[in-house]
Amino acid sequence: MQDALWKMAAAAQAEAVRTAEVSAVELIDSHLDRIAEANPRVNAVTQLLAERARAAAAQLDRRRAAGEVLGPLAGVPFTVKESTAVEGVPTTFGTERFRDLVAAADAPPVARLRAAGAIPIGHSNIPTLILAGMHTRSELFGDTVNPWDSSRTPGGSSGGDAVAVATGMAALGLGNDSGGSVRIPAQFCGVAGLKPSTGRFPADHRVLGPDDPGPASQMLVTDGPLARSVGDLRLAYEVLAGTDPRDPRAVPVPAYGEPLPGRVKVAVVADPGGHGVHPTVRGAVARAADALRDAGYDVREVPDVPRLDEALDAYGRITVTEFAPSWPAVRKLLGTGGDRYIGMAMERTPPASADVFMKLMGSWLGIRRSWAEFLDEYPLLLGPVFTEPPVEPGLESRDRAGRDRVGSGMRLCTVTSFVGVPGVAVPTGTADGLPCGVQIVGRAFREDLCLGAAQAIEDRLGVLTPVDPRAGGRSGPH
């Protein structure tokens, strides 16, 4: 059975360990063998924690043998983005400058997954400093390859986790998202991903020393899991939700809200803002809408989402203004070429003055209010993750046209991060050999509604992964 362990769902892996059908060590060894086979072809796992993972698994097996009841993720291996701390391991951010930046403690989501019995098996690749672009390419570790087609990007910035999960090297990935960084690689690699509401999961995104980032970084960046199925995503969600004294932003909201009366209304917007959408993406939204109708949802096409272009402008101006003072130093860390993506944004959008910045912060609240009112009428929104199929690596850093194209493609991700609401990316099948997907957006702190709708889509349209990577072209399900 060991050869097949890495193919199993996370929930099934944990159940097998809890019931002693397999040992946690056997489960970890199966994944380590898979990493040895697949990672040389995709370069997703950067720092392999093989001996640490085996030791943690052996300890779990001893606890089970002693009669201890194990957690809901017992023995399940997960990868952790290079920007998220794992105790005793460098948090490199993919840059030479931080190669030896050893973490003193686990980040809150890592600690939560560990407490549930999950085992970190490796760090995963990111764009340098998370800032070098949408494509997962870092100064320290190089390019990560999309396992479906090596000529397409796996997305980012959580691309390493998406590829690791899609290829069976880990059952779960822990990424983060401030405008699509979990959801876009989920779509591009054919897995599921959750961006939670702002304040749903505790986090600590400090980089060096005790100082916290500014308000935009505090509000926009949310940690989130990736998995091959919505059921596994739900399991990770239940573990990650809650409060932690290290993060006063995290609020004690129940993981599951009250059931809504009657049929749940779903607004469908295939082309947010009317800026154009690729036919395969429009087709994915249509298939998902049909699946939800079949599941009993009240699915309705609506003209558009609230205040999209205004929100995109405010997002860009607020983040550039906050980031501008540190840009000269950060630019040096990004190196030649790595600074192009942010550099183009800085050139186009000069920092706002203090009075304009304050007005923008007010606009932010107003935009959030408009979305709350929209989602009060339609508890769920169905739309694209990225309005094109997976694009070529580095398109966003090539020139301004490429950057604008990528910025437009991720626009629904950007605005939903800006307003702080949850979104679940879920696959809908394939087109031209590449995975397709959509996202379900919901009211703040109603991740449960998003996961329920995503499950209905998955039940009707299927799961795409694991896949075997093919360096020379299109891939397919394992």
# chains A, B, ... in the order shown; residues from 1 in each chain; ligands from 1

$ select_by_dssp --residues "stretch 26-94 of chain A" --states "alpha helix (DSSP H)" --output "compact mmCIF listing (two decimals) with C-alpha atoms, in the first residue's frame"
# COMPACT_ATOMS: atom_id res chain seq x y z
CA GLU A 26 5.51 5.11 6.27
CA LEU A 27 3.34 8.02 5.17
CA ILE A 28 6.23 10.48 5.32
CA ASP A 29 8.57 8.08 3.54
CA SER A 30 6.05 7.67 0.72
CA HIS A 31 6.01 11.42 0.21
CA LEU A 32 9.79 11.69 0.45
CA ASP A 33 10.06 9.08 -2.30
CA ARG A 34 7.58 11.08 -4.38
CA ILE A 35 9.60 14.26 -3.81
CA ALA A 36 12.76 12.47 -4.96
CA GLU A 37 10.93 11.42 -8.10
CA ALA A 38 9.00 14.59 -8.97
CA ASN A 39 10.82 17.57 -7.51
CA PRO A 40 13.82 17.45 -9.88
CA ARG A 41 11.34 18.04 -12.72
CA VAL A 42 9.37 20.90 -11.14
CA ALA A 50 13.37 14.90 5.58
CA GLU A 51 14.98 13.96 8.89
CA ARG A 52 12.91 16.42 10.90
CA ALA A 53 9.75 15.07 9.26
CA ARG A 54 10.73 11.44 9.96
CA ALA A 55 11.47 12.30 13.61
CA ALA A 56 8.09 14.03 13.99
CA ALA A 57 6.37 11.05 12.40
CA ALA A 58 8.14 8.59 14.70
CA GLN A 59 7.05 10.64 17.70
CA LEU A 60 3.47 10.58 16.40
CA ASP A 61 3.63 6.80 16.06
CA ARG A 62 4.87 6.49 19.66
CA ARG A 63 2.00 8.65 20.88
CA ARG A 64 -0.51 6.49 19.02
CA ALA A 65 1.06 3.31 20.42

$ residues_around --residues "A:Val391" --least-positions-apart "6" --cutoff "9 Å" --atoms "only C-alpha atoms" --output "ChimeraX atom specification"
/A:151-155,188,406

$ closest_atom_pairs --of "stretch 335-405 of chain A" --to "stretch 117-130 of chain A" --cutoff "12 Å" --atoms "only C-alpha atoms" --output "CSV"
residue,atom,partner,partner_atom,distance
A:Gly335,CA,A:Thr128,CA,9.3
A:Thr336,CA,A:Thr128,CA,11.5
A:Gly337,CA,A:Thr128,CA,10.7
A:Gly338,CA,A:Thr128,CA,7.2
A:Asp339,CA,A:Thr128,CA,9.4
A:Arg340,CA,A:Thr128,CA,11.8
A:Tyr341,CA,A:Pro127,CA,10.8
A:Ile342,CA,A:Ile130,CA,10.5
A:Pro393,CA,A:Pro127,CA,11.3
A:Gly394,CA,A:Pro127,CA,10.3
A:Ser397,CA,A:Pro127,CA,11.6

$ write_last_selection --atoms "N, CA and C atoms" --output "CSV table (one decimal), in the first residue's frame"
chain,number,residue,atom,x,y,z
A,335,GLY,N,17.4,42.6,-7.0
A,335,GLY,CA,18.5,42.4,-8.0
A,335,GLY,C,18.0,42.8,-9.4
A,336,THR,N,18.9,42.7,-10.3
A,336,THR,CA,18.6,43.0,-11.7
A,336,THR,C,17.5,42.1,-12.3
A,337,GLY,N,16.5,42.8,-12.8
A,337,GLY,CA,15.4,42.0,-13.4
A,337,GLY,C,14.3,41.7,-12.4
A,338,GLY,N,14.7,41.4,-11.1
A,338,GLY,CA,13.7,41.0,-10.1
A,338,GLY,C,12.9,42.2,-9.7
A,339,ASP,N,13.4,43.4,-10.0
A,339,ASP,CA,12.7,44.7,-9.5
A,339,ASP,C,11.8,45.2,-10.6
A,340,ARG,N,11.6,44.5,-11.7
A,340,ARG,CA,10.9,45.1,-12.8
A,340,ARG,C,9.4,45.2,-12.5
A,341,TYR,N,8.8,44.1,-11.8
A,341,TYR,CA,7.4,44.1,-11.6
A,341,TYR,C,7.0,45.2,-10.7
A,342,ILE,N,7.6,45.4,-9.5
A,342,ILE,CA,7.3,46.4,-8.6
A,342,ILE,C,7.7,47.8,-9.2
A,393,PRO,N,5.8,32.1,-18.3
A,393,PRO,CA,6.5,32.6,-17.1
A,393,PRO,C,7.1,34.0,-17.3
A,394,GLY,N,6.9,34.9,-16.4
A,394,GLY,CA,7.5,36.2,-16.4
A,394,GLY,C,6.8,37.2,-17.2
A,397,SER,N,6.6,40.8,-15.8
A,397,SER,CA,7.8,41.5,-15.7
A,397,SER,C,8.4,41.9,-17.0

$ select_by_dssp --residues "stretch 179-357 of chain A" --states "strand (DSSP E)" --output "list in words"
Ala192, Gly193, Leu194, Lys195, Thr222, Asp223, Gly224, Pro225, Leu226, Ala227, Lys265, Val266, Ala267, Val268, Asp298, Val299, Arg300 and Glu301 of chain A

$ residues_around --residues "stretch 205-219 of chain A" --least-positions-apart "2" --cutoff "7 Å" --atoms "only C-alpha atoms" --output "PDB file with N, CA and C atoms, in the first residue's frame"
ATOM      1  N   THR A 198     -10.201  38.439   6.082  1.00  0.00           N
ATOM      2  CA  THR A 198      -9.235  39.126   6.923  1.00  0.00           C
ATOM      3  C   THR A 198      -9.620  38.930   8.383  1.00  0.00           C
ATOM      4  N   ALA A 203      -1.891  35.143  12.164  1.00  0.00           N
ATOM      5  CA  ALA A 203      -0.658  35.150  11.379  1.00  0.00           C
ATOM      6  C   ALA A 203       0.350  36.082  12.024  1.00  0.00           C
ATOM      7  N   VAL A 221      -2.738  40.820   3.497  1.00  0.00           N
ATOM      8  CA  VAL A 221      -2.082  39.514   3.428  1.00  0.00           C
ATOM      9  C   VAL A 221      -2.778  38.533   4.357  1.00  0.00           C
ATOM     10  N   ILE A 318      -2.713  52.904  -2.418  1.00  0.00           N
ATOM     11  CA  ILE A 318      -2.425  52.689  -1.002  1.00  0.00           C
ATOM     12  C   ILE A 318      -1.170  51.839  -0.822  1.00  0.00           C
ATOM     13  N   THR A 319      -1.068  50.748  -1.576  1.00  0.00           N
ATOM     14  CA  THR A 319       0.091  49.874  -1.403  1.00  0.00           C
ATOM     15  C   THR A 319       1.381  50.546  -1.857  1.00  0.00           C
ATOM     16  N   GLU A 322       2.461  53.084   0.846  1.00  0.00           N
ATOM     17  CA  GLU A 322       3.035  52.419   2.022  1.00  0.00           C
ATOM     18  C   GLU A 322       4.418  51.851   1.735  1.00  0.00           C
TER      19      GLU A 322
END

$ closest_residue --among "A:Gly159, A:Pro259, A:Gly199, A:Pro427" --to "A:Pro185" --atoms "only C-alpha atoms"
A:Gly159

$ residues_around --residues "stretch 263-280 of chain A" --least-positions-apart "3" --cutoff "6 Å" --atoms "only C-alpha atoms" --output "PyMOL selection string"
chain A and resi 283+297-302+304+378+380-383+387-388

$ write_last_selection --atoms "C-alpha atoms" --output "mmCIF file, in the first residue's frame"
data_model
loop_
_atom_site.group_PDB
_atom_site.id
_atom_site.type_symbol
_atom_site.label_atom_id
_atom_site.label_comp_id
_atom_site.auth_asym_id
_atom_site.auth_seq_id
_atom_site.Cartn_x
_atom_site.Cartn_y
_atom_site.Cartn_z
ATOM 1 C CA GLY A 283 -16.724 28.389 -20.204
ATOM 2 C CA TYR A 297 -28.481 27.012 -5.690
ATOM 3 C CA ASP A 298 -30.352 30.063 -6.975
ATOM 4 C CA VAL A 299 -27.850 31.131 -9.637
ATOM 5 C CA ARG A 300 -28.316 34.524 -11.258
ATOM 6 C CA GLU A 301 -26.176 36.459 -13.716
ATOM 7 C CA VAL A 302 -25.692 40.053 -12.556
ATOM 8 C CA ASP A 304 -21.038 43.442 -12.418
ATOM 9 C CA TYR A 378 -26.150 37.657 -2.945
ATOM 10 C CA LEU A 380 -22.092 34.064 -2.866
ATOM 11 C CA LEU A 381 -20.377 35.326 -6.013
ATOM 12 C CA LEU A 382 -19.112 33.047 -8.784
ATOM 13 C CA GLY A 383 -16.424 34.421 -11.065
ATOM 14 C CA THR A 387 -9.406 35.767 -16.721
ATOM 15 C CA GLU A 388 -7.006 33.831 -18.965
#

$ residues_around --residues "stretch 235-245 of chain A" --least-positions-apart "4" --cutoff "6 Å" --atoms "only C-alpha atoms" --output "list in words"
Arg112, Arg200, Phe201, Pro202, Ala250, Val251 and Pro252 of chain A

$ closest_residue --among "A:Asp294, A:Thr167, A:Arg234, A:Pro351" --to "A:Val320" --atoms "only C-alpha atoms"
A:Pro351

$ closest_residue --among "A:Arg137, A:Arg405, A:Arg18, A:Arg287" --to "A:Gly67" --atoms "only C-alpha atoms"
A:Arg18
